[in-house]
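Heads up: the structure comes next, in C-alpha cells.
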Amino acid sequence: MTTFIAIEGCIGAGKTELAKKLSASFNAHLLLERFNENLFLPKFYENPKQYAFPLEISFLEDRFRQIEELKKNNFFDCHTIVSDYFIEKCLIFSRNNLQTEEYNLYKKLFELLSPLLPTPSVVLYLYRTPEKLLQNIHHRGRDYEQNIKTDYLEDIQNCYIDYLKNYNACPVKIMDVSDLDFVTNYDDYDYLKNIIDNL
C-alpha cells in the first residue's frame, strides 16, 4: 500500500526541509512545491490586491499538474511519497488572500479538480509561533518575503488550524515545532521521525 505523507505549515515553518529529510529516511519520492518558478509571487508581495487572484490560480494549476503527472505515471500505486504541501492549501491561502467574489469562483474551480487527485495518507502540520516563522523567513533571505508582517502569518496560521480542525479525509497530526531545529539537530529530527513512524 502506498504511503502519501503531506507536510503542511505556514510560511517559514520548515516544510521543505523536513520533506527532504523524511524522503531520504524513507527512501520516498519527493514532491516539492515549485514556488521559485511562480512569476506572480514577488508581484503579489508588492501588490497583493492586484496579483492575489493570478497567484492563486497559477499555484492551483501547478500543484494540480504535478500531482496529476505522478498519478498518470502510477507513482501513487508503487511509491512512498513525501510532499511539502497538500492540495487543500489552495483553499486555505485563497480564502485568506482573495476577495469574496474571487474566492467563490476559485472554490468552484478547485471543487472541479480536487476529486481527481489522491488523498494523502496523513497530513503533518508544523506549527511555529509567528515570531519563529518570521525569524526563519528573514534567515532564508528571499527578497520578496522580507516585508511579510506577523499579522499576515497569524492570519494564515489561523486559517490552517480552522480548516484542519474540520478536515476528515485523512488523519491530521498538528506538531508544535517552535522549539525544534530538525534541520541541523539530529536529535530533534529523530524525535519527529519517531512520532511519524508511529502514526
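Just remember, in the C-alpha cells the first chain shown is A, the second B, etc., residues are 1-based per chain, and ligands are 1-based in the order shown.
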
Near stretch 44-50 of chain A, within 9 Å and counting only C-alpha atoms, which residues show up once chain neighbours fewer than 4 positions away are dropped, as number ranges by chain? A: 40, 54-55, 97-99, 144-145, 147-148

Preceding selection exported with N, CA and C atoms as a PDB file, in the first residue's frame:
ATOM      1  N   PHE A  40       4.332  35.209 -10.344  1.00  0.00           N
ATOM      2  CA  PHE A  40       3.392  36.103  -9.672  1.00  0.00           C
ATOM      3  C   PHE A  40       3.719  36.301  -8.194  1.00  0.00           C
ATOM      4  N   PRO A  54      -4.367  35.952  -9.793  1.00  0.00           N
ATOM      5  CA  PRO A  54      -3.486  35.189 -10.687  1.00  0.00           C
ATOM      6  C   PRO A  54      -2.479  34.330  -9.935  1.00  0.00           C
ATOM      7  N   LEU A  55      -2.032  34.796  -8.770  1.00  0.00           N
ATOM      8  CA  LEU A  55      -1.117  33.974  -7.976  1.00  0.00           C
ATOM      9  C   LEU A  55      -1.772  32.670  -7.565  1.00  0.00           C
ATOM     10  N   ASN A  97      -6.499  35.341   0.978  1.00  0.00           N
ATOM     11  CA  ASN A  97      -5.931  36.351   0.086  1.00  0.00           C
ATOM     12  C   ASN A  97      -6.909  36.976  -0.900  1.00  0.00           C
ATOM     13  N   LEU A  98      -8.014  36.294  -1.208  1.00  0.00           N
ATOM     14  CA  LEU A  98      -8.898  36.756  -2.276  1.00  0.00           C
ATOM     15  C   LEU A  98     -10.118  37.505  -1.743  1.00  0.00           C
ATOM     16  N   GLN A  99     -10.653  38.368  -2.606  1.00  0.00           N
ATOM     17  CA  GLN A  99     -11.938  38.989  -2.322  1.00  0.00           C
ATOM     18  C   GLN A  99     -13.039  37.930  -2.395  1.00  0.00           C
ATOM     19  N   TYR A 144      11.638  38.927  -1.751  1.00  0.00           N
ATOM     20  CA  TYR A 144      10.223  39.296  -1.810  1.00  0.00           C
ATOM     21  C   TYR A 144       9.467  38.957  -0.525  1.00  0.00           C
ATOM     22  N   GLU A 145      10.084  38.183   0.373  1.00  0.00           N
ATOM     23  CA  GLU A 145       9.410  37.822   1.632  1.00  0.00           C
ATOM     24  C   GLU A 145       9.775  38.740   2.801  1.00  0.00           C
ATOM     25  N   ASN A 147       9.267  41.693   3.691  1.00  0.00           N
ATOM     26  CA  ASN A 147       8.304  42.638   4.271  1.00  0.00           C
ATOM     27  C   ASN A 147       7.046  41.964   4.806  1.00  0.00           C
ATOM     28  N   ILE A 148       7.056  40.645   4.881  1.00  0.00           N
ATOM     29  CA  ILE A 148       5.914  39.931   5.458  1.00  0.00           C
ATOM     30  C   ILE A 148       5.757  40.335   6.928  1.00  0.00           C
TER      31      ILE A 148
END

Using only C-alpha atoms, find the one residue out of A:Ala13, A:Val172, A:Ile92, A:Leu41 that sits nearest to A:Val122. A:Val172

Do a neighbour search on A:Arg95 at 12 Å with only C-alpha atoms, toss out local chain neighbours closer than 4 positions, and write the hits as a PyMOL selection string. chain A and resi 52-53+56+88-91+99-107+110+155-156+158-160+162-163

Computed interatomic separation between atom CA of A:Tyr125 and atom CA of A:Asp190 (Å):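 One can read the atom CA of A:Tyr125 to atom CA of A:Asp190 distance as 16.9 Å.
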
Considering only C-alpha atoms, return as a PyMOL selection string whatever protein or nucleic-acid residues lie within 9 Å of A:Leu116, sequence-local ones (same chain, fewer than 3 positions apart) excluded. chain A and resi 68+112-113

Nearest to A:Thr184, restricted to only C-alpha atoms and choosing among A:Leu199, A:Lys21, A:Leu133, A:Thr2, comes out as A:Lys21

Nearest candidate to A:Ile87 (options A:Ile57, A:Ile196, A:Ala28, A:Ala6; using only C-alpha atoms):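 For A:Ile87, the nearest of the candidates is A:Ala6.
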
One residue among A:Ile11, A:Leu18, A:Leu126, A:Phe75 is nearest to A:Tyr186 when using only C-alpha atoms, and that residue is A:Leu18

Check the DSSP output for the backbone and give back, as a short mmCIF file (atom, residue, chain, number, x, y, z; two decimals) with C-alpha atoms, in the first residue's frame, the residues of stretch 122-154 of chain A in alpha helix (DSSP H).
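The result, stored in states.cif:
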data_model
loop_
_atom_site.label_atom_id
_atom_site.label_comp_id
_atom_site.auth_asym_id
_atom_site.auth_seq_id
_atom_site.Cartn_x
_atom_site.Cartn_y
_atom_site.Cartn_z
CA PRO A 130 4.57 33.76 14.27
CA GLU A 131 7.77 35.15 15.78
CA LYS A 132 9.66 31.93 14.94
CA LEU A 133 8.17 31.92 11.44
CA LEU A 134 9.37 35.47 10.88
CA GLN A 135 12.87 34.56 12.11
CA ASN A 136 13.04 31.70 9.63
CA ILE A 137 11.75 33.89 6.80
CA HIS A 138 14.37 36.55 7.47
CA HIS A 139 17.10 33.93 7.86
CA ARG A 140 16.48 32.30 4.46
CA THR A 150 3.48 38.97 11.79
CA ASP A 151 -0.27 39.62 11.48
CA TYR A 152 -0.30 38.12 7.97
CA LEU A 153 1.41 34.99 9.30
CA GLU A 154 -1.08 34.83 12.15
#

Coordinates-based distance that separates atom CA of A:Val183 from atom CA of A:Asn96 (Å, one decimal):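 Pair atom CA of A:Asn96 / atom CA of A:Val183 returns 29.0 Å.
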
Selected residue of minimal separation from A:Tyr51 among A:Glu17, A:Ser94, A:Gly12, A:Gly141, counting only C-alpha atoms: A:Ser94

Between A:Phe59, A:Thr129, A:Ile161, A:Phe26, which is the closest to A:Leu180 once you count only C-alpha atoms? A:Thr129

With DSSP run on the backbone, what are the strand (DSSP E) residues within stretch 12-194 of chain A? I'd like them as a list in words.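 Filtering stretch 12-194 of chain A down to strand (DSSP E) leaves His29, Leu30, Leu31, Ile81, Val82, Ser83, Val122, Val123, Leu124, Tyr125, Leu126, Tyr127, Val172, Lys173, Ile174, Met175 and Asp176 of chain A.
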
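Our summary of the geometry notes that atom CA of A:Arg142 is positioned 18.0 Å from atom CA of A:Asp84.
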